[in-house]
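Undergrad: Here's a structure for you.
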Amino acid sequence: MKGGTEHIMGIGRKIFLVAAVFALPIGVLAYLVVSNINEFINFAQYELMGDAYQRPLESLLRDIQNHQLLLHCCPDNGDCSAQLASLKDAISKELQSLQDVNTLYGVKLQFTADGLAKRKRQTATAENLQNNWRELDAMTSKVEKGKVPPAVDEKYDAVIDIVKTMTPHMGDTSFLILDPDLDTYYFMCDTLVNLPLNQDRLARVTAFGRDAIAQGKITEKERTALAVYAALMQQSDLDVINSNLQTALNEDQDFYGTSPSLQKNLPPAFKEYADAQTKFIEMTNRLAASKTPSISVDDYVAAGVKARNANFHLWDVGIPEEDIMLNARINSYAHRRVMAFVFSGLALLVACLPAYGTMLSITKPLHMLARTLVPGATLLSGSVEQLGEISSKGVQDEAATHVICDVLTAHAEDMRKTAGQLQSIVFGSGGASDDSHLRRI
């Protein structure tokens, strides 16, 4: 550079820069691995949000339909006002719980105007559900005992439809429907899809059978419908739920370790549900087989309610177990992330330490050689000046000339040795480079 001192990078920095360039792919690979692991963790965390959001929806589905059944048919024609009031209070609390969880996760789960509109589910909001329940509550307060107008039942259906629309939306946006592991996937199919479908079907079949029995005579069309309902409850509900749960139990050991609580708590809850469901299916088949009902309204409704309560109990037992499995997955991936950081750090250390050692093995001898050459160059320069003075004076001082020549020879030998050492540093001690130009005759 003209007008200044040119900056030259030292050999040590050059070596370290080369090592850093070769270490860069390790950093890139570590970033990609950690990013991939974080996606799996984020996926499971969204599923946990979905489970949290579904809890109040399940409670609302249970209690609103129980409220409808109780409004239609109070056991033994008793006074159910206290039970209706208790259910009303429970529904109010559940609606508040839904509002709370919507505040926490509503935006992430796309319970927003844009998110719902994109999927044509604009009515599936906590606010709309609460408003419809208030309207329904006002309507039911005017209903006389045992005389429920069709408009009230239609309003019940509208409220339940909102709940049933919010559930799949939550399943889609929380990724529960896309669960990647066999055990949680099959388990999720039951908790998100099959059990809620069966819960709704049980309520509708119970109401349908109740009305058919109350007539005193079951028509051919009603008997056909009851037979279809019984087949659906057996094949589409009980058999599918059983198959999925058994698969989840069997596959549990292959994903993040066996969950002891799952293996312990799920089978008894399923057996209770299966027994109640089977009994209700048998009673429905009996109704379908005869024109004259041989089952009382109270007995049939009680069996339907029992099967439905057993279903909700199975769901209540299952959803915490699903959370446990999801947390086990998160912990496993978090451990993998830590190990990825550890091994990447070790790889970088292994890449940098030899480079650092190589840099020291080169720079230290070079510094030592530089300290040797500088004084020698100074003496050599002084000897040359002395020879110049002798020559300029025209004085033939043979003794002084020999002395200076001896000094120059000695310094030349030292410099040749130093050059040889430098050569060995550059080419190695066994280097085969040509050093004839360093020899003197």
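FYI, nothing fancy with the structure tokens labels: chains A, B, ... in order, residues from 1 per chain, ligands from 1 as they appear.
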List the neighbours of Glu222 in chain A out to 12 Å using only C-alpha atoms; skip same-chain residues closer than 3 positions along the sequence, and give me the result as a PyMOL selection string.

TA: chain A and resi 205+208-213+215+217-219+225-229+284-285+287-293

Undergrad: Counting only C-alpha atoms, what are the residues of range 1-88 of chain A within 10 Å of range 93-97 of chain A, and for each of them which pair of atoms is the nearest and at what distance in Å, to one decimal? Sort the table by chain and rising number, as a Markdown table.

TA:
```
| residue | atom | partner | partner_atom | distance |
| --- | --- | --- | --- | --- |
| A:Tyr53 | CA | A:Ser97 | CA | 9.2 |
| A:Arg55 | CA | A:Ser97 | CA | 9.0 |
| A:Pro56 | CA | A:Glu94 | CA | 5.6 |
| A:Leu57 | CA | A:Glu94 | CA | 8.0 |
| A:Glu58 | CA | A:Glu94 | CA | 9.4 |
| A:Ser59 | CA | A:Glu94 | CA | 6.8 |
| A:Leu60 | CA | A:Glu94 | CA | 6.4 |
| A:Asp63 | CA | A:Glu94 | CA | 9.3 |
| A:Leu87 | CA | A:Lys93 | CA | 9.9 |
| A:Lys88 | CA | A:Lys93 | CA | 8.8 |
```

Undergrad: Tell me which protein, DNA and RNA residues are within 7 Å of range 27-38 of chain A, counting only C-alpha atoms, leaving out same-chain ones fewer than 2 positions away, and put them as a ChimeraX atom specification.

TA: /A:23-25,40-42,333,337,340,344

Undergrad: Hey, what does DSSP flag as alpha helix (DSSP H) within range 42-119 of chain A? Can you give it to me as a VMD selection string?

TA: chain A and resid 42 to 72 81 to 105 113 to 118

Undergrad: List as a list of chain:residue names the protein and nucleic acid residues near Phe312 in chain A, meaning an atom at most 8 Å away when only C-alpha atoms are counted, but skip any in the same chain fewer than 2 places from it.

TA: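 Surrounding residues, per the criterion: A:Arg62, A:Leu195, A:Gln199, A:Arg308, A:Asn309, A:Ala310, A:Leu314, A:Trp315, A:Asp316.
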
Undergrad: Take the residues that were just selected and, keeping all heavy atoms, output them as a PDB file, in the first residue's frame.

TA:
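What follows is the written file selection.pdb:
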```
ATOM      1  N   ARG A  62     -70.886 -33.187  27.722  1.00  0.00           N
ATOM      2  CA  ARG A  62     -71.528 -34.089  28.693  1.00  0.00           C
ATOM      3  C   ARG A  62     -72.684 -33.400  29.411  1.00  0.00           C
ATOM      4  O   ARG A  62     -73.809 -33.931  29.431  1.00  0.00           O
ATOM      5  CB  ARG A  62     -70.487 -34.552  29.708  1.00  0.00           C
ATOM      6  CG  ARG A  62     -71.031 -35.449  30.824  1.00  0.00           C
ATOM      7  CD  ARG A  62     -70.003 -35.611  31.917  1.00  0.00           C
ATOM      8  NE  ARG A  62     -69.696 -34.321  32.533  1.00  0.00           N
ATOM      9  CZ  ARG A  62     -68.497 -33.998  33.031  1.00  0.00           C
ATOM     10  NH1 ARG A  62     -67.498 -34.847  32.972  1.00  0.00           N
ATOM     11  NH2 ARG A  62     -68.302 -32.798  33.570  1.00  0.00           N
ATOM     12  N   LEU A 195     -64.247 -41.451  20.887  1.00  0.00           N
ATOM     13  CA  LEU A 195     -64.999 -41.318  22.138  1.00  0.00           C
ATOM     14  C   LEU A 195     -66.006 -40.171  22.074  1.00  0.00           C
ATOM     15  O   LEU A 195     -67.174 -40.355  22.467  1.00  0.00           O
ATOM     16  CB  LEU A 195     -64.043 -41.148  23.321  1.00  0.00           C
ATOM     17  CG  LEU A 195     -63.294 -42.412  23.750  1.00  0.00           C
ATOM     18  CD1 LEU A 195     -62.234 -42.083  24.801  1.00  0.00           C
ATOM     19  CD2 LEU A 195     -64.266 -43.456  24.290  1.00  0.00           C
ATOM     20  N   GLN A 199     -69.992 -40.528  22.454  1.00  0.00           N
ATOM     21  CA  GLN A 199     -70.718 -39.771  23.479  1.00  0.00           C
ATOM     22  C   GLN A 199     -71.962 -39.118  22.891  1.00  0.00           C
ATOM     23  O   GLN A 199     -73.056 -39.183  23.471  1.00  0.00           O
ATOM     24  CB  GLN A 199     -69.794 -38.703  24.082  1.00  0.00           C
ATOM     25  CG  GLN A 199     -68.645 -39.259  24.887  1.00  0.00           C
ATOM     26  CD  GLN A 199     -67.485 -38.280  25.011  1.00  0.00           C
ATOM     27  OE1 GLN A 199     -67.584 -37.130  24.591  1.00  0.00           O
ATOM     28  NE2 GLN A 199     -66.372 -38.733  25.581  1.00  0.00           N
ATOM     29  N   ARG A 308     -72.848 -43.785  28.745  1.00  0.00           N
ATOM     30  CA  ARG A 308     -72.265 -42.494  28.383  1.00  0.00           C
ATOM     31  C   ARG A 308     -71.335 -41.983  29.480  1.00  0.00           C
ATOM     32  O   ARG A 308     -70.257 -41.454  29.200  1.00  0.00           O
ATOM     33  CB  ARG A 308     -73.395 -41.500  28.126  1.00  0.00           C
ATOM     34  CG  ARG A 308     -72.971 -40.219  27.447  1.00  0.00           C
ATOM     35  CD  ARG A 308     -74.177 -39.529  26.834  1.00  0.00           C
ATOM     36  NE  ARG A 308     -73.801 -38.204  26.351  1.00  0.00           N
ATOM     37  CZ  ARG A 308     -73.829 -37.108  27.093  1.00  0.00           C
ATOM     38  NH1 ARG A 308     -74.238 -37.181  28.365  1.00  0.00           N
ATOM     39  NH2 ARG A 308     -73.471 -35.944  26.595  1.00  0.00           N
ATOM     40  N   ASN A 309     -71.733 -42.141  30.744  1.00  0.00           N
ATOM     41  CA  ASN A 309     -70.860 -41.728  31.852  1.00  0.00           C
ATOM     42  C   ASN A 309     -69.575 -42.548  31.877  1.00  0.00           C
ATOM     43  O   ASN A 309     -68.498 -42.023  32.182  1.00  0.00           O
ATOM     44  CB  ASN A 309     -71.600 -41.868  33.184  1.00  0.00           C
ATOM     45  CG  ASN A 309     -72.671 -40.804  33.364  1.00  0.00           C
ATOM     46  OD1 ASN A 309     -72.644 -39.769  32.698  1.00  0.00           O
ATOM     47  ND2 ASN A 309     -73.623 -41.063  34.246  1.00  0.00           N
ATOM     48  N   ALA A 310     -69.685 -43.848  31.545  1.00  0.00           N
ATOM     49  CA  ALA A 310     -68.487 -44.698  31.493  1.00  0.00           C
ATOM     50  C   ALA A 310     -67.560 -44.244  30.365  1.00  0.00           C
ATOM     51  O   ALA A 310     -66.332 -44.281  30.495  1.00  0.00           O
ATOM     52  CB  ALA A 310     -68.883 -46.156  31.293  1.00  0.00           C
ATOM     53  N   LEU A 314     -63.781 -42.934  30.858  1.00  0.00           N
ATOM     54  CA  LEU A 314     -62.642 -43.435  30.084  1.00  0.00           C
ATOM     55  C   LEU A 314     -61.872 -42.273  29.474  1.00  0.00           C
ATOM     56  O   LEU A 314     -60.630 -42.263  29.476  1.00  0.00           O
ATOM     57  CB  LEU A 314     -63.132 -44.388  28.987  1.00  0.00           C
ATOM     58  CG  LEU A 314     -62.069 -44.937  28.025  1.00  0.00           C
ATOM     59  CD1 LEU A 314     -61.000 -45.711  28.786  1.00  0.00           C
ATOM     60  CD2 LEU A 314     -62.723 -45.820  26.954  1.00  0.00           C
ATOM     61  N   TRP A 315     -62.585 -41.274  28.960  1.00  0.00           N
ATOM     62  CA  TRP A 315     -61.920 -40.097  28.403  1.00  0.00           C
ATOM     63  C   TRP A 315     -61.153 -39.353  29.491  1.00  0.00           C
ATOM     64  O   TRP A 315     -60.011 -38.927  29.281  1.00  0.00           O
ATOM     65  CB  TRP A 315     -62.949 -39.163  27.754  1.00  0.00           C
ATOM     66  CG  TRP A 315     -62.327 -38.082  26.929  1.00  0.00           C
ATOM     67  CD1 TRP A 315     -62.065 -38.124  25.597  1.00  0.00           C
ATOM     68  CD2 TRP A 315     -61.866 -36.806  27.395  1.00  0.00           C
ATOM     69  NE1 TRP A 315     -61.469 -36.949  25.194  1.00  0.00           N
ATOM     70  CE2 TRP A 315     -61.336 -36.117  26.276  1.00  0.00           C
ATOM     71  CE3 TRP A 315     -61.846 -36.177  28.633  1.00  0.00           C
ATOM     72  CZ2 TRP A 315     -60.796 -34.839  26.366  1.00  0.00           C
ATOM     73  CZ3 TRP A 315     -61.302 -34.903  28.733  1.00  0.00           C
ATOM     74  CH2 TRP A 315     -60.792 -34.253  27.615  1.00  0.00           C
ATOM     75  N   ASP A 316     -61.779 -39.183  30.654  1.00  0.00           N
ATOM     76  CA  ASP A 316     -61.121 -38.480  31.767  1.00  0.00           C
ATOM     77  C   ASP A 316     -59.864 -39.205  32.225  1.00  0.00           C
ATOM     78  O   ASP A 316     -58.881 -38.562  32.630  1.00  0.00           O
ATOM     79  CB  ASP A 316     -62.090 -38.336  32.945  1.00  0.00           C
ATOM     80  CG  ASP A 316     -63.203 -37.331  32.667  1.00  0.00           C
ATOM     81  OD1 ASP A 316     -63.005 -36.464  31.800  1.00  0.00           O
ATOM     82  OD2 ASP A 316     -64.272 -37.438  33.300  1.00  0.00           O
TER      83      ASP A 316
END
```

Undergrad: Which residues are close to Gly115 in chain A, i.e. within 12 Å by only C-alpha atoms, leaving aside same-chain residues fewer than 6 positions away? Reply as a list in words.

TA: Gly106, Val107, Lys108, Leu109, Arg121, Gln122, Thr123, Ala124, Thr125, Met166, His169, Met170, Asp172 and Thr173 of chain A

Undergrad: What is the distance between CA of Leu266 in chain A and CA of Lys164 in chain A, in Å to one decimal?

TA: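 According to the coordinates, CA of Leu266 in chain A and CA of Lys164 in chain A are separated by 24.8 Å.
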
Undergrad: Just checking: using only C-alpha atoms, which residue out of A:Leu192, A:Leu129, A:Leu182, A:Leu176 ends up closest to Ile160 in chain A?

TA: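 Using only C-alpha atoms, the shortest distance to Ile160 in chain A belongs to A:Leu129.
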
Undergrad: May I have the residues within 10 Å of Met233 in chain A as a list in words, using only C-alpha atoms and disregarding those fewer than 4 positions away in the same chain?

TA: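 Neighbouring residues, sequence-local ones excluded: Leu197, Asn198, Arg201, Leu202, Val205, Ala227, Val228, Tyr229, Asp237, Leu238, Asp239, Val240, Gln277, Thr278, Phe280, Ile281 and Thr284 of chain A.
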
Undergrad: For the selection you just gave me, I'd like the residues written to a file as an mmCIF file, in the first residue's frame, keeping C-alpha atoms.

TA:
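Printed below is again_20.cif as written:
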```cif
data_model
loop_
_atom_site.group_PDB
_atom_site.id
_atom_site.type_symbol
_atom_site.label_atom_id
_atom_site.label_comp_id
_atom_site.auth_asym_id
_atom_site.auth_seq_id
_atom_site.Cartn_x
_atom_site.Cartn_y
_atom_site.Cartn_z
ATOM 1 C CA LEU A 197 -68.568 -39.391 18.518
ATOM 2 C CA ASN A 198 -69.769 -42.216 20.727
ATOM 3 C CA ARG A 201 -74.382 -41.007 19.575
ATOM 4 C CA LEU A 202 -75.226 -42.437 22.999
ATOM 5 C CA VAL A 205 -79.834 -43.066 20.790
ATOM 6 C CA ALA A 227 -80.938 -51.838 14.753
ATOM 7 C CA VAL A 228 -78.690 -49.480 12.763
ATOM 8 C CA TYR A 229 -77.841 -47.544 15.936
ATOM 9 C CA ASP A 237 -67.698 -47.206 18.347
ATOM 10 C CA LEU A 238 -66.877 -50.051 20.724
ATOM 11 C CA ASP A 239 -64.856 -52.236 18.337
ATOM 12 C CA VAL A 240 -62.845 -49.323 16.920
ATOM 13 C CA GLN A 277 -71.751 -50.077 26.269
ATOM 14 C CA THR A 278 -72.369 -53.774 25.559
ATOM 15 C CA PHE A 280 -76.864 -50.754 26.247
ATOM 16 C CA ILE A 281 -76.294 -52.251 22.769
ATOM 17 C CA THR A 284 -81.195 -51.457 21.907
#
```

Undergrad: So that I can see what lies close to Asn242 in chain A, please list as a count of residues only the residues with an atom at most 12 Å from it, counting only C-alpha atoms and leaving out residues fewer than 2 positions away in the same chain.

TA: 29
